[in-house]
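Right, one structure below, let's go through it.
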Amino acid sequence: MTTPHTIAVLGLGRMGGAIATRLATQGWDVVGWTRSGCTSGAVKTTGDPNDAVAKAEFVFLALFDGPACRQVLDDVRGSLRTDTMVLNTSTIAPAEASKLSRQLGPAYVHAPVLGSVPAAAAGALQILAAGDQDALDRARPVLEALGTVRHVDDASTAAALKLIANNSLAGAVLALRDSLRQANALGLPRTQALDVLELGQLGGLVARKRPFLVNQSDAVTAEFTIGALAKDMALLAAASHTPLRSAAGLADSPAAPEADIAVAATVPAVEDAVLEPLRAYIRGHATGDPTHFRDAFLPTAHIEGLRDGAFVSWRLDEYCALFPGRPAPDEPTRSRRIDAIDVHGTVATATMTLSHGSDTFTDIFLLVRTDDSWRIANKAYHRHF
């Protein structure tokens, strides 16, 4: 390696601290700064970001989000040398990355990373680097101390690809959560379920996160928090204008935002109180007794859908009148299942599939919590032909 350059790392959180430490152990002259003032002691630090960047040839940004990047850059803009390069490893929105690239021009490389703290410590990150070719050539030795550099055409694309990569991680966490919830419902021991899941497609995640999954995380530091991943999913949903279940699934997790993402996979299923009106609804169909529907629905509820090609909107009394008080003749062959339920404070949505002879229905419910109990406010249905 050539003569070490002074590197400033702005943001010494989990990843920023790991990046700064890795660069220092590889012989680079590193000085760090963090907004919180908390440091690990692994690298030299300063309390003023302007001091950190004043002599730096490379300035790494390892901050929580786009607004933090803008604020910190605005604060140090006057102290940046004319030849200083800004290497931004933060996970931010594509539009934010594009704006920073336009503002800083050839001095800016957008370089979000794939991998967590252990990968940073080992120099095994995957780095999505976008910038002017001369800038990339100049920054490559520093970036390669952290991992493998993958060239990306522009800053917006690099930011978008990072969000897509994190979406796959969020999906894996939620898939693991669903598997563990089903295992709990079946009475399977947690360790036995994890042993088998480790053999399959979720194996890498299970192996890395097992201490969090078996409630032995006291001695293990969170590497990537629920709050950070939820932030990333919100950015992705806003940028794509496309529905993203993981954004809501993580944002509404009862686990603490500062907990490791694996903890989101261990939270219990929704409380029975939310399920009770859906179960009453199922009992109504199974018995033909409309009393169960009155238990399930609010008195003001409407049941809506297409019937014989025409739109219908029944009040609860009209809907109850359709049921004779006895099971359908083919009830032993019928089945119903709750497919999904999402709770958002005092409201929830649920989806159910009903197989009634030759007919299959998809029911969509809106539920509300009133007086410490849940009721169905409205139902819409689709009959499959």
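Just so we're on the same page: first chain in the structure tokens is A, next is B, and so on; residues restart at 1 for each chain, and ligands are numbered from 1 in the order they show up.
Within the 12 Å cut-off around A:His384, using only C-alpha atoms and omitting residues fewer than 5 positions from it on the same chain, the listed residues are Gly305, Leu306, Arg307, Asp308, Thr353, Leu354, Ser355, His356, Gly357, Ser358, Asp359, Thr360, Phe361, Thr362 and Asp363 of chain A.
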Enumerate, as a PyMOL selection string, the complete set of residues in stretch 103-171 of chain A that a backbone-based DSSP assignment places in alpha helix (DSSP H). chain A and resi 103-104+117-122+133-144+155-171
Selection to disk with C-alpha atoms, as a short mmCIF file (atom, residue, chain, number, x, y, z; two decimals), in the first residue's frame:
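Saved result, selection.cif, follows:
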data_model
loop_
_atom_site.label_atom_id
_atom_site.label_comp_id
_atom_site.auth_asym_id
_atom_site.auth_seq_id
_atom_site.Cartn_x
_atom_site.Cartn_y
_atom_site.Cartn_z
CA GLN A 103 -24.22 18.85 -5.66
CA LEU A 104 -20.73 17.42 -5.10
CA VAL A 117 -20.47 -5.59 11.03
CA PRO A 118 -18.59 -8.92 10.77
CA ALA A 119 -18.18 -8.47 7.00
CA ALA A 120 -16.85 -4.95 7.53
CA ALA A 121 -14.39 -6.18 10.15
CA ALA A 122 -13.16 -8.90 7.77
CA GLN A 133 -14.38 7.01 -13.32
CA ASP A 134 -11.38 9.02 -12.16
CA ALA A 135 -12.93 9.31 -8.72
CA LEU A 136 -13.57 5.58 -8.59
CA ASP A 137 -10.01 4.83 -9.61
CA ARG A 138 -8.72 7.09 -6.89
CA ALA A 139 -11.04 5.70 -4.23
CA ARG A 140 -10.64 2.04 -5.17
CA PRO A 141 -7.65 1.25 -2.89
CA VAL A 142 -9.52 2.59 0.13
CA LEU A 143 -12.78 0.86 -0.77
CA GLU A 144 -11.02 -2.43 -1.51
CA ALA A 155 -25.76 7.11 -7.58
CA SER A 156 -29.52 6.66 -7.90
CA THR A 157 -29.09 3.11 -9.20
CA ALA A 158 -26.61 2.23 -6.45
CA ALA A 159 -29.03 3.49 -3.80
CA ALA A 160 -31.95 1.63 -5.37
CA LEU A 161 -29.99 -1.63 -5.57
CA LYS A 162 -29.07 -1.34 -1.89
CA LEU A 163 -32.74 -0.97 -0.97
CA ILE A 164 -33.64 -3.98 -3.11
CA ALA A 165 -30.96 -6.02 -1.38
CA ASN A 166 -32.29 -5.01 2.03
CA ASN A 167 -35.81 -5.87 0.91
CA SER A 168 -34.71 -9.45 0.37
CA LEU A 169 -33.32 -9.46 3.91
CA ALA A 170 -36.56 -8.07 5.30
CA GLY A 171 -38.47 -10.75 3.42
#
At a cut-off of 12 Å, using only C-alpha atoms, what residues contact A:Glu318? Leave out same-chain residues fewer than 3 positions from it and give the result as a VMD selection string. chain A and resid 290 293 to 294 299 to 304 312 to 315 321 to 323
Interatomic distance, atom CA of A:Thr84 to atom CA of A:Leu235 (Å, one decimal):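 Separating atom CA of A:Thr84 from atom CA of A:Leu235 is a distance of 28.8 Å.
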Non-local contacts of A:Ile364 (9 Å; only C-alpha atoms; under 2 positions in same chain excluded) as a compact mmCIF listing (two decimals) with N, CA and C atoms, in the first residue's frame:
# COMPACT_ATOMS: atom_id res chain seq x y z
N THR A 349 -56.48 -5.37 9.27
CA THR A 349 -57.05 -5.95 8.05
C THR A 349 -56.78 -7.45 8.07
N ALA A 350 -57.68 -8.20 7.48
CA ALA A 350 -57.52 -9.64 7.45
C ALA A 350 -58.06 -10.19 6.13
N THR A 351 -57.50 -11.29 5.71
CA THR A 351 -57.93 -11.98 4.50
C THR A 351 -58.23 -13.43 4.85
N MET A 352 -59.33 -13.93 4.31
CA MET A 352 -59.74 -15.30 4.58
C MET A 352 -60.16 -15.96 3.27
N THR A 362 -62.84 -15.22 -1.54
CA THR A 362 -61.83 -14.47 -0.80
C THR A 362 -62.54 -13.34 -0.07
N LEU A 366 -62.10 -5.43 7.39
CA LEU A 366 -61.57 -4.31 8.15
C LEU A 366 -62.08 -4.45 9.57
N ASN A 378 -66.30 -3.90 8.42
CA ASN A 378 -66.85 -4.13 7.08
C ASN A 378 -66.18 -5.34 6.45
N LYS A 379 -66.88 -5.94 5.48
CA LYS A 379 -66.31 -7.05 4.74
C LYS A 379 -66.61 -6.86 3.26
N ALA A 380 -65.61 -7.12 2.43
CA ALA A 380 -65.80 -7.19 0.98
C ALA A 380 -65.35 -8.57 0.54
N TYR A 381 -66.01 -9.09 -0.47
CA TYR A 381 -65.66 -10.46 -0.89
C TYR A 381 -65.58 -10.56 -2.41
N HIS A 382 -64.84 -11.58 -2.83
CA HIS A 382 -64.77 -11.94 -4.24
C HIS A 382 -65.07 -13.42 -4.39
Which residue, A:Asp330, A:Asp51, A:Glu276, A:Glu96, has the smallest gap to A:Leu367 when you use only C-alpha atoms? A:Glu276
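Take atom CA of A:Trp28 and atom CA of A:Ala145: the distance between them is 9.5 Å.
Of the residues under consideration (A:Asn50, A:Gln182, A:Thr221, A:Asn88), A:Asn50 shows the shortest atom-to-atom contact distance to A:Asp75 when counting only C-alpha atoms.
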From stretch 139-346 of chain A, collect each residue whose DSSP state is strand (DSSP E) and return the set as a PyMOL selection string. chain A and resi 147-151+297-307+310-315+335-344
Selected residues written out, N, CA and C atoms, as a CSV table (one decimal), in the first residue's frame:
chain,number,residue,atom,x,y,z
A,147,GLY,N,-13.7,-4.4,1.1
A,147,GLY,CA,-14.4,-5.5,0.4
A,147,GLY,C,-14.2,-5.4,-1.1
A,148,THR,N,-15.2,-6.0,-1.7
A,148,THR,CA,-15.2,-6.1,-3.2
A,148,THR,C,-16.0,-4.9,-3.8
A,149,VAL,N,-15.4,-4.2,-4.7
A,149,VAL,CA,-16.0,-3.0,-5.3
A,149,VAL,C,-16.8,-3.5,-6.6
A,150,ARG,N,-18.1,-3.2,-6.7
A,150,ARG,CA,-18.9,-3.5,-7.8
A,150,ARG,C,-19.3,-2.1,-8.4
A,151,HIS,N,-18.9,-1.9,-9.7
A,151,HIS,CA,-19.2,-0.6,-10.3
A,151,HIS,C,-20.7,-0.5,-10.7
A,297,PHE,N,-69.5,-9.0,13.9
A,297,PHE,CA,-69.6,-7.7,13.2
A,297,PHE,C,-70.1,-6.6,14.1
A,298,LEU,N,-69.7,-5.4,13.8
A,298,LEU,CA,-70.3,-4.2,14.4
A,298,LEU,C,-71.7,-4.1,13.9
A,299,PRO,N,-72.7,-3.5,14.6
A,299,PRO,CA,-74.0,-3.4,14.1
A,299,PRO,C,-74.1,-2.6,12.8
A,300,THR,N,-73.2,-1.7,12.6
A,300,THR,CA,-73.2,-0.8,11.5
A,300,THR,C,-72.5,-1.4,10.2
A,301,ALA,N,-72.0,-2.6,10.3
A,301,ALA,CA,-71.2,-3.2,9.3
A,301,ALA,C,-72.0,-3.4,8.0
A,302,HIS,N,-71.2,-3.4,6.9
A,302,HIS,CA,-71.8,-3.7,5.6
A,302,HIS,C,-71.0,-4.9,5.0
A,303,ILE,N,-71.6,-5.7,4.3
A,303,ILE,CA,-71.0,-6.9,3.5
A,303,ILE,C,-71.2,-6.6,2.1
A,304,GLU,N,-70.1,-6.5,1.3
A,304,GLU,CA,-70.2,-6.0,-0.1
A,304,GLU,C,-69.5,-6.9,-1.0
A,305,GLY,N,-70.0,-7.0,-2.2
A,305,GLY,CA,-69.3,-7.7,-3.3
A,305,GLY,C,-70.3,-7.9,-4.5
A,306,LEU,N,-69.9,-8.7,-5.4
A,306,LEU,CA,-70.7,-9.0,-6.6
A,306,LEU,C,-71.4,-10.3,-6.4
A,307,ARG,N,-72.7,-10.2,-6.7
A,307,ARG,CA,-73.6,-11.4,-6.6
A,307,ARG,C,-74.4,-11.5,-7.8
A,310,ALA,N,-74.2,-8.5,-10.1
A,310,ALA,CA,-74.6,-7.2,-9.6
A,310,ALA,C,-73.9,-6.9,-8.3
A,311,PHE,N,-73.6,-5.6,-8.0
A,311,PHE,CA,-73.0,-5.2,-6.8
A,311,PHE,C,-74.0,-5.2,-5.7
A,312,VAL,N,-73.7,-5.8,-4.5
A,312,VAL,CA,-74.6,-5.8,-3.4
A,312,VAL,C,-73.9,-5.2,-2.2
A,313,SER,N,-74.6,-4.5,-1.4
A,313,SER,CA,-74.1,-4.0,-0.1
A,313,SER,C,-75.2,-4.2,1.0
A,314,TRP,N,-75.0,-5.3,1.7
A,314,TRP,CA,-75.9,-5.7,2.7
A,314,TRP,C,-75.6,-5.1,4.0
A,315,ARG,N,-76.7,-4.6,4.7
A,315,ARG,CA,-76.5,-4.3,6.1
A,315,ARG,C,-76.5,-5.6,6.9
A,335,SER,N,-64.4,-25.8,3.9
A,335,SER,CA,-63.3,-25.4,4.8
A,335,SER,C,-63.1,-23.8,4.7
A,336,ARG,N,-62.5,-23.3,5.8
A,336,ARG,CA,-62.2,-21.9,5.8
A,336,ARG,C,-60.8,-21.7,6.5
A,337,ARG,N,-60.1,-20.8,6.0
A,337,ARG,CA,-58.7,-20.5,6.7
A,337,ARG,C,-58.5,-19.0,6.7
A,338,ILE,N,-57.8,-18.6,7.7
A,338,ILE,CA,-57.4,-17.2,7.8
A,338,ILE,C,-56.0,-17.1,7.2
A,339,ASP,N,-55.9,-16.3,6.1
A,339,ASP,CA,-54.7,-16.2,5.3
A,339,ASP,C,-53.7,-15.2,5.9
A,340,ALA,N,-54.2,-14.1,6.3
A,340,ALA,CA,-53.3,-13.0,6.7
A,340,ALA,C,-54.1,-12.1,7.6
A,341,ILE,N,-53.4,-11.5,8.6
A,341,ILE,CA,-53.9,-10.4,9.4
A,341,ILE,C,-52.8,-9.5,9.8
A,342,ASP,N,-53.1,-8.2,9.6
A,342,ASP,CA,-52.1,-7.1,9.9
A,342,ASP,C,-52.8,-6.2,10.9
A,343,VAL,N,-52.1,-5.9,12.0
A,343,VAL,CA,-52.7,-5.1,13.0
A,343,VAL,C,-51.9,-3.8,13.0
A,344,HIS,N,-52.6,-2.6,13.0
A,344,HIS,CA,-52.0,-1.3,13.1
A,344,HIS,C,-52.7,-0.5,14.2
Quick one: of A:Val274, A:Asp232, A:Thr225, A:Pro324, who's nearest to A:Asp289, counting only C-alpha atoms?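 The answer is A:Pro324, which sits nearest to A:Asp289.
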Fewer than 3 positions away in the same chain doesn't count, so skip those; otherwise give me all residues within 12 Å of stretch 43-47 of chain A, counting only C-alpha atoms, as JSON, numbers by chain. {"A": [6, 7, 8, 9, 10, 11, 12, 16, 17, 18, 19, 20, 21, 22, 23, 24, 25, 27, 28, 29, 30, 31, 32, 33, 34, 35, 36, 37, 38, 39, 40, 50, 51, 52, 53, 54]}
Find the spatial neighbours of A:Ala183, counting only C-alpha atoms, within a cut-off of 9 Å - ignore same-chain residues fewer than 6 positions away - and output them as a PyMOL selection string. chain A and resi 189-190+193
How would the residues just picked look written out with N, CA, C and O atoms as a short mmCIF file (atom, residue, chain, number, x, y, z; two decimals), in the first residue's frame?
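Writing done, so here's again.cif:
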data_model
loop_
_atom_site.label_atom_id
_atom_site.label_comp_id
_atom_site.auth_asym_id
_atom_site.auth_seq_id
_atom_site.Cartn_x
_atom_site.Cartn_y
_atom_site.Cartn_z
N PRO A 189 -40.75 -27.70 19.44
CA PRO A 189 -39.72 -26.99 20.19
C PRO A 189 -38.96 -26.02 19.29
O PRO A 189 -38.67 -26.34 18.13
N ARG A 190 -38.65 -24.84 19.82
CA ARG A 190 -37.97 -23.83 19.03
C ARG A 190 -36.65 -24.33 18.47
O ARG A 190 -36.35 -24.13 17.27
N ALA A 193 -37.14 -26.71 15.54
CA ALA A 193 -37.57 -26.00 14.33
C ALA A 193 -36.39 -25.27 13.70
O ALA A 193 -36.21 -25.29 12.47
#
Given the choices A:Val206, A:Leu146, A:Leu80, A:Ala97, which gets closest to A:Asp65 if the distance is worked out from only C-alpha atoms?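 Under the stated criterion, the closest residue is A:Ala97.
One finds atom CA of A:Phe60 at 23.2 Å from atom CA of A:Leu236.
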Surrounding residues of stretch 258-271 of chain A excluding itself and chain neighbours under 5 positions, 7 Å, only C-alpha atoms, as a short mmCIF file (atom, residue, chain, number, x, y, z; two decimals) with C-alpha atoms, in the first residue's frame:
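Output file part.cif is given in full below:
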data_model
loop_
_atom_site.label_atom_id
_atom_site.label_comp_id
_atom_site.auth_asym_id
_atom_site.auth_seq_id
_atom_site.Cartn_x
_atom_site.Cartn_y
_atom_site.Cartn_z
CA VAL A 173 -36.77 -12.12 8.42
CA LEU A 174 -40.56 -12.09 7.98
CA LEU A 176 -38.55 -16.82 9.37
CA ARG A 177 -41.08 -15.14 11.68
CA ARG A 181 -45.11 -18.82 14.49
CA LYS A 209 -28.86 -15.07 14.26
CA PHE A 212 -31.35 -13.84 19.07
CA LEU A 213 -33.77 -16.56 17.99
CA ALA A 222 -27.14 -6.11 17.48
CA GLU A 223 -25.59 -5.82 14.02
CA PHE A 224 -28.53 -4.41 12.07
CA THR A 225 -31.50 -3.02 13.93
CA ILE A 226 -35.21 -3.36 13.27
CA GLY A 227 -35.51 0.43 13.18
CA SER A 253 -43.25 -4.95 15.04
#
